[in-house]
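Engineer: File coords.cif follows (mmCIF, C-alpha atoms):
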```
data_upload
loop_
_atom_site.label_atom_id
_atom_site.label_comp_id
_atom_site.auth_asym_id
_atom_site.auth_seq_id
_atom_site.Cartn_x
_atom_site.Cartn_y
_atom_site.Cartn_z
CA MET Y 1 17.30 -11.56 2.31
CA VAL Y 2 14.87 -11.29 5.23
CA LYS Y 3 16.76 -12.72 8.20
CA GLU Y 4 14.46 -11.99 11.13
CA GLU Y 5 11.64 -14.38 11.88
CA LYS Y 6 8.89 -11.86 11.41
CA GLN Y 7 5.47 -12.43 9.91
CA TYR Y 8 4.98 -10.26 6.84
CA ALA Y 9 1.76 -9.37 5.06
CA ILE Y 10 0.93 -7.67 1.79
CA ILE Y 11 -2.19 -5.58 1.33
CA ALA Y 12 -2.74 -4.98 -2.37
CA GLY Y 13 -5.27 -3.43 -4.68
CA SER Y 14 -5.74 -2.70 -8.36
CA GLY Y 15 -4.41 -5.33 -10.74
CA LEU Y 16 -2.67 -7.31 -8.02
CA GLN Y 17 -5.27 -9.81 -6.84
CA GLU Y 18 -3.85 -12.51 -9.10
CA LEU Y 19 -0.71 -12.63 -6.97
CA ALA Y 20 -2.68 -14.84 -4.59
CA ALA Y 21 -5.32 -16.33 -6.86
CA GLU Y 22 -4.38 -19.97 -6.25
CA SER Y 23 -3.29 -19.63 -2.63
CA ALA Y 24 -4.65 -21.29 0.47
CA GLU Y 25 -6.98 -19.01 2.40
CA GLN Y 26 -8.30 -18.51 5.88
CA LYS Y 27 -11.30 -16.48 6.97
CA VAL Y 28 -10.89 -14.13 9.92
CA THR Y 29 -13.33 -11.86 11.67
CA THR Y 30 -12.56 -8.98 14.00
CA GLU Y 31 -14.28 -6.66 16.45
CA PHE Y 32 -14.56 -4.23 13.52
CA GLY Y 33 -16.17 -6.76 11.19
CA ASP Y 34 -14.81 -8.90 8.38
CA PRO Y 35 -11.81 -7.89 6.27
CA SER Y 36 -12.23 -7.13 2.58
CA SER Y 37 -11.26 -10.65 1.55
CA PRO Y 38 -10.07 -13.93 3.04
CA ILE Y 39 -6.43 -13.88 4.09
CA ARG Y 40 -4.32 -15.89 1.66
CA VAL Y 41 -0.87 -17.39 2.06
CA LEU Y 42 1.91 -16.77 -0.46
CA LEU Y 43 4.95 -19.02 -0.37
CA TYR Y 44 8.45 -17.72 -1.05
CA GLY Y 45 10.55 -20.84 -0.63
CA ASP Y 46 9.90 -21.93 2.94
CA ARG Y 47 8.62 -18.51 3.98
CA SER Y 48 4.90 -17.79 4.16
CA VAL Y 49 3.62 -14.27 3.58
CA LEU Y 50 0.00 -13.30 4.15
CA PHE Y 51 -1.96 -11.51 1.44
CA LEU Y 52 -5.13 -9.42 1.67
CA GLY Y 53 -6.98 -7.86 -1.28
CA ARG Y 54 -8.20 -4.51 0.01
CA HIS Y 55 -10.95 -4.10 -2.63
CA GLY Y 56 -12.36 -7.61 -2.15
CA ASP Y 57 -12.17 -10.67 -4.37
CA ASP Y 58 -14.61 -9.19 -6.86
CA PHE Y 59 -12.99 -5.75 -6.73
CA LEU Y 60 -16.28 -4.12 -5.70
CA ILE Y 61 -15.18 -2.16 -2.61
CA PRO Y 62 -14.26 1.45 -3.49
CA PRO Y 63 -11.48 3.21 -1.56
CA HIS Y 64 -13.80 5.19 0.72
CA LYS Y 65 -15.82 2.08 1.66
CA ILE Y 66 -12.94 -0.24 2.58
CA ASN Y 67 -13.09 -1.51 6.15
CA TYR Y 68 -9.49 -0.54 6.88
CA ARG Y 69 -9.84 -1.29 10.57
CA ALA Y 70 -10.97 -4.85 9.97
CA ASN Y 71 -8.24 -5.40 7.37
CA VAL Y 72 -5.40 -4.29 9.59
CA LYS Y 73 -6.83 -5.85 12.75
CA ALA Y 74 -7.26 -9.22 11.01
CA LEU Y 75 -3.58 -9.23 10.11
CA GLN Y 76 -2.60 -8.32 13.66
CA GLN Y 77 -4.72 -11.21 14.97
CA LEU Y 78 -2.74 -13.53 12.70
CA GLY Y 79 0.53 -12.37 14.22
CA VAL Y 80 1.70 -10.00 11.50
CA ASP Y 81 4.65 -7.76 12.41
CA CYS Y 82 5.20 -5.93 9.10
CA ILE Y 83 2.76 -4.82 6.40
CA ILE Y 84 3.73 -3.87 2.87
CA GLY Y 85 0.95 -1.81 1.34
CA MET Y 86 0.97 -2.01 -2.45
CA ASN Y 87 -0.74 1.10 -3.75
CA THR Y 88 -1.28 2.35 -7.29
CA VAL Y 89 -0.60 6.08 -7.64
CA GLY Y 90 -0.47 8.90 -10.11
CA VAL Y 91 2.73 10.91 -10.31
CA ILE Y 92 2.63 14.67 -9.85
CA THR Y 93 6.29 15.65 -10.02
CA ALA Y 94 8.32 15.35 -13.22
CA ASP Y 95 11.16 13.15 -11.94
CA ALA Y 96 9.15 9.90 -11.83
CA HIS Y 97 7.11 8.23 -14.55
CA PRO Y 98 4.37 5.62 -15.08
CA GLY Y 99 5.69 2.09 -15.01
CA GLU Y 100 8.11 2.85 -12.17
CA ILE Y 101 7.81 2.11 -8.47
CA ALA Y 102 8.34 4.32 -5.45
CA LEU Y 103 8.81 4.13 -1.69
CA PRO Y 104 7.30 7.34 -0.31
CA ASP Y 105 8.55 8.54 3.06
CA GLN Y 106 5.76 10.99 3.91
CA LEU Y 107 2.04 11.43 3.37
CA THR Y 108 -0.67 14.06 3.52
CA ASP Y 109 -4.20 12.86 4.25
CA TYR Y 110 -7.11 14.53 2.43
CA THR Y 111 -9.66 11.80 3.15
CA HIS Y 112 -12.79 12.23 5.24
CA ASP Y 113 -15.52 10.16 6.88
CA ARG Y 114 -13.36 7.04 7.11
CA GLU Y 115 -12.95 5.12 10.36
CA HIS Y 116 -9.47 6.42 11.09
CA SER Y 117 -8.70 4.87 14.47
CA ILE Y 118 -9.16 1.80 16.60
CA TYR Y 119 -9.89 4.20 19.48
CA ASP Y 120 -13.64 4.60 19.23
CA GLY Y 121 -14.63 5.00 22.86
CA THR Y 122 -14.31 1.37 23.87
CA ASN Y 123 -10.66 1.35 24.90
CA ALA Y 124 -8.10 3.72 26.37
CA ILE Y 125 -6.85 6.32 23.89
CA VAL Y 126 -3.21 6.29 22.80
CA ASN Y 127 -2.03 9.23 20.71
CA VAL Y 128 0.48 7.47 18.48
CA GLU Y 129 3.31 9.57 17.08
CA PHE Y 130 2.92 9.79 13.31
CA THR Y 131 5.80 12.14 12.49
CA GLU Y 132 7.36 9.43 10.33
CA PRO Y 133 4.36 7.50 8.95
CA PHE Y 134 6.41 4.65 7.46
CA SER Y 135 8.80 2.23 9.09
CA GLY Y 136 12.39 3.21 8.36
CA THR Y 137 13.51 -0.37 8.91
CA LEU Y 138 11.01 -1.79 6.44
CA ARG Y 139 11.75 0.91 3.86
CA LYS Y 140 15.48 0.14 4.08
CA ALA Y 141 14.80 -3.56 3.60
CA LEU Y 142 12.70 -2.84 0.50
CA LEU Y 143 15.37 -0.52 -0.92
CA ALA Y 144 18.01 -3.18 -0.35
CA ALA Y 145 15.79 -5.76 -2.04
CA ALA Y 146 15.32 -3.44 -5.02
CA ALA Y 147 19.09 -3.13 -5.35
CA ILE Y 148 19.47 -6.94 -5.31
CA ALA Y 149 16.69 -7.28 -7.89
CA LYS Y 150 18.31 -4.52 -9.99
CA VAL Y 151 15.06 -2.55 -9.96
CA ASP Y 152 15.18 1.24 -9.93
CA VAL Y 153 12.92 2.71 -7.26
CA ARG Y 154 12.10 6.30 -6.39
CA ASP Y 155 13.31 6.67 -2.80
CA GLY Y 156 11.13 9.10 -0.88
CA GLY Y 157 8.37 11.53 -1.73
CA VAL Y 158 5.03 12.63 -0.35
CA TYR Y 159 1.93 10.55 -1.04
CA ALA Y 160 -1.28 12.62 -1.06
CA VAL Y 161 -4.25 10.46 -0.06
CA THR Y 162 -7.51 11.58 -1.66
CA GLN Y 163 -11.04 10.36 -1.01
CA GLY Y 164 -11.96 8.80 -4.34
CA PRO Y 165 -13.35 6.96 -6.07
CA ARG Y 166 -13.26 9.66 -8.73
CA LEU Y 167 -9.90 10.93 -9.91
CA GLU Y 168 -8.78 14.47 -9.19
CA THR Y 169 -9.23 17.60 -11.29
CA ALA Y 170 -6.19 19.34 -12.74
CA ALA Y 171 -6.76 22.22 -10.30
CA GLU Y 172 -6.83 19.82 -7.36
CA VAL Y 173 -3.54 18.29 -8.49
CA ASP Y 174 -2.08 21.79 -8.74
CA ARG Y 175 -3.08 22.30 -5.11
CA LEU Y 176 -1.52 18.99 -4.11
CA GLU Y 177 1.73 20.04 -5.77
CA ARG Y 178 1.67 23.34 -3.90
CA ASP Y 179 1.21 21.30 -0.73
CA GLY Y 180 4.38 19.37 -1.56
CA ALA Y 181 2.88 16.13 -2.88
CA ASP Y 182 4.76 13.93 -5.33
CA PHE Y 183 2.19 11.15 -5.75
CA VAL Y 184 -1.57 10.86 -5.42
CA GLY Y 185 -3.62 7.81 -4.52
CA MET Y 186 -6.70 6.79 -2.56
CA THR Y 187 -5.89 3.83 -0.31
CA LEU Y 188 -2.93 4.62 1.94
CA MET Y 189 -4.96 6.13 4.78
CA PRO Y 190 -6.02 5.14 7.32
CA GLU Y 191 -4.21 1.87 6.54
CA ALA Y 192 -0.81 3.27 7.56
CA SER Y 193 -1.93 4.93 10.79
CA LEU Y 194 -4.00 1.92 11.88
CA ALA Y 195 -0.94 -0.29 11.46
CA MET Y 196 0.97 2.07 13.74
CA GLU Y 197 -1.83 2.08 16.31
CA LEU Y 198 -1.76 -1.70 16.33
CA GLY Y 199 2.03 -1.87 16.70
CA MET Y 200 2.98 -3.08 13.22
CA GLN Y 201 5.62 -1.76 10.86
CA TYR Y 202 4.20 -0.40 7.59
CA ALA Y 203 5.64 0.81 4.30
CA SER Y 204 4.06 1.63 0.95
CA LEU Y 205 5.43 0.02 -2.20
CA SER Y 206 3.76 2.38 -4.66
CA LEU Y 207 3.17 1.44 -8.27
CA ILE Y 208 3.16 4.53 -10.50
CA VAL Y 209 0.50 3.83 -13.12
CA ASN Y 210 -0.33 7.24 -14.60
CA TYR Y 211 0.51 10.92 -14.66
CA ALA Y 212 -1.83 12.84 -12.38
CA ALA Y 213 -4.58 15.01 -13.87
CA GLY Y 214 -3.19 17.83 -15.98
CA ARG Y 215 0.31 16.33 -16.08
CA SER Y 216 0.02 14.59 -19.46
CA GLU Y 217 -1.57 15.26 -22.82
CA ASN Y 218 -2.99 11.74 -22.81
CA ALA Y 219 -6.16 10.61 -21.07
CA ILE Y 220 -5.31 9.10 -17.69
CA HIS Y 221 -6.82 5.67 -18.40
CA ALA Y 222 -4.94 5.43 -21.71
CA GLU Y 223 -1.72 4.72 -19.82
CA VAL Y 224 -2.91 2.73 -16.84
CA ASP Y 225 -2.96 -0.87 -18.14
CA ALA Y 226 0.51 -0.92 -19.67
CA SER Y 227 2.03 1.06 -16.80
CA THR Y 228 0.42 -1.20 -14.19
CA MET Y 229 1.93 -4.28 -15.84
CA ALA Y 230 5.39 -2.71 -15.95
CA ALA Y 231 5.27 -1.45 -12.37
CA LYS Y 232 3.80 -4.72 -11.09
CA SER Y 233 6.63 -6.79 -12.58
CA LYS Y 234 9.16 -4.57 -10.82
CA ALA Y 235 7.31 -4.73 -7.51
CA VAL Y 236 7.05 -8.53 -7.72
CA ALA Y 237 10.80 -8.74 -8.30
CA VAL Y 238 11.44 -6.58 -5.24
CA LEU Y 239 9.18 -8.75 -3.10
CA ALA Y 240 10.90 -11.91 -4.30
CA ALA Y 241 14.27 -10.46 -3.32
CA LEU Y 242 12.92 -9.33 0.04
CA PHE Y 243 11.55 -12.76 0.87
CA ASP Y 244 14.45 -14.76 -0.53
CA ALA Y 245 14.27 -17.88 1.61
CA ASP Y 246 17.94 -18.77 1.01
CA ALA Y 247 19.31 -15.54 2.54
#
```
What is this structure when it is put down as structure tokens?
Structural biologist:
Amino acid sequence: MVKEEKQYAIIAGSGLQELAAESAEQKVTTEFGDPSSPIRVLLYGDRSVLFLGRHGDDFLIPPHKINYRANVKALQQLGVDCIIGMNTVGVITADAHPGEIALPDQLTDYTHDREHSIYDGTNAIVNVEFTEPFSGTLRKALLAAAAIAKVDVRDGGVYAVTQGPRLETAAEVDRLERDGADFVGMTLMPEASLAMELGMQYASLSLIVNYAAGRSENAIHAEVDASTMAAKSKAVAVLAALFDADA
């Protein structure tokens, strides 16, 4: 389905490291340090797609300690044009459910004390426009791939990015809903804005793995494993359609 000769990369987190477990890898370093993990190569037919595990190979790096700058910069150094961020989220609004996937079109950033920019006093500042935080072109391609794969996807919505690693209180989720949020997760920022600063397209393929705090009678972790498996299988089908080498 992908017709342009662009280099794509996937940055993934919880429950998704096995996508690249047996893949060839290359180590990269950047001016911001080393990325969370070696960069691995996934093959879709004749197409190679780079893969980076944002929490590290041993899944020891919490959301607020990820070196987002090194992760995104490493992919840029390898010639990446488009990044698909795979993020696990909780759903706040009632029209989406665990086990589904979503393509948010907006975000609100509640994080703090993260290195949010490549502009740290060593190069000329560029104030990138962030009105639309996700690439419309990449979102359309993912939606088209979902249609080919016959996977239902929630098109649009606001992703609230919280600091983590703890989950939110019910009162905090109530506030997020008042702020207009549909989903809540911990890893989207500053990944998305750094990609924009470095001139790469970015979109979030969000895996809905639980109802947010106060939105279900069940304990949050009671639903996560089964919902992650269901959402992951749908996301993998969408990626396979997107990278169909015969298109």
Engineer: Which one of Y:Val41, Y:Ile208, Y:Leu50, Y:Ala144 sits closest to Ile11 of chain Y if you count all atoms listed in the file?
Structural biologist: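 Using all atoms listed in the file, Ile11 of chain Y sits closest to Y:Leu50.
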Engineer: Rounded to one decimal place, report the atom CA of Val158 of chain Y-atom CA of Leu207 of chain Y distance in Å.
Structural biologist: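 For atom CA of Val158 of chain Y relative to atom CA of Leu207 of chain Y, the distance reads 13.8 Å.
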Engineer: Could you check the closest approach to Val224 of chain Y for each of Y:Leu78, Y:Ile66, Y:Val89, Y:Val184 and tell me which residue wins, using all atoms listed in the file?
Structural biologist: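 For Val224 of chain Y, the nearest of the candidates is Y:Val89.
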Engineer: Have a look at Y:Ser216, Y:Thr137, Y:Asn67, Y:Thr187 and name the one nearest to Asp105 of chain Y; count all atoms listed in the file.
Structural biologist: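 That would be Y:Thr137, the residue with the smallest distance to Asp105 of chain Y.
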Engineer: Return as a CSV table (one decimal) with C-alpha atoms, in the coordinates of the input the set of residues that the PyMOL selection byres ((chain Y and resi 107) around 10) yields on the displayed structure.
Structural biologist:
```csv
chain,number,residue,atom,x,y,z
Y,104,PRO,CA,7.3,7.3,-0.3
Y,105,ASP,CA,8.6,8.5,3.1
Y,106,GLN,CA,5.8,11.0,3.9
Y,108,THR,CA,-0.7,14.1,3.5
Y,109,ASP,CA,-4.2,12.9,4.2
Y,110,TYR,CA,-7.1,14.5,2.4
Y,131,THR,CA,5.8,12.1,12.5
Y,132,GLU,CA,7.4,9.4,10.3
Y,133,PRO,CA,4.4,7.5,9.0
Y,134,PHE,CA,6.4,4.6,7.5
Y,157,GLY,CA,8.4,11.5,-1.7
Y,158,VAL,CA,5.0,12.6,-0.4
Y,159,TYR,CA,1.9,10.6,-1.0
Y,160,ALA,CA,-1.3,12.6,-1.1
Y,161,VAL,CA,-4.2,10.5,-0.1
Y,180,GLY,CA,4.4,19.4,-1.6
Y,181,ALA,CA,2.9,16.1,-2.9
Y,182,ASP,CA,4.8,13.9,-5.3
Y,183,PHE,CA,2.2,11.2,-5.8
Y,184,VAL,CA,-1.6,10.9,-5.4
Y,188,LEU,CA,-2.9,4.6,1.9
Y,189,MET,CA,-5.0,6.1,4.8
Y,192,ALA,CA,-0.8,3.3,7.6
```
Engineer: Between atom CA of Ser204 of chain Y and atom CA of Met86 of chain Y, what is the spacing in Å?
Structural biologist: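 Value for the atom CA of Met86 of chain Y-atom CA of Ser204 of chain Y distance: 5.9 Å.
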Engineer: Might you spell out which residues the PyMOL selection byres ((chain Y and resi 6) around 12) would select in the displayed file, as a PyMOL selection string?
Structural biologist: chain Y and resi 2-5+7-9+47-50+78-83+138+200-201+243
Engineer: Go ahead and compute the interatomic distance for atom CA of Ser37 of chain Y and atom CA of Pro190 of chain Y, in Å to one decimal.
Structural biologist: 17.6 Å
Engineer: Determine the residue membership of the PyMOL selection byres ((chain Y and resi 31) around 10) for the file above and supply it as JSON, numbers by chain.
Structural biologist: {"Y": [29, 30, 32, 33, 34, 69, 70, 73, 74, 118]}
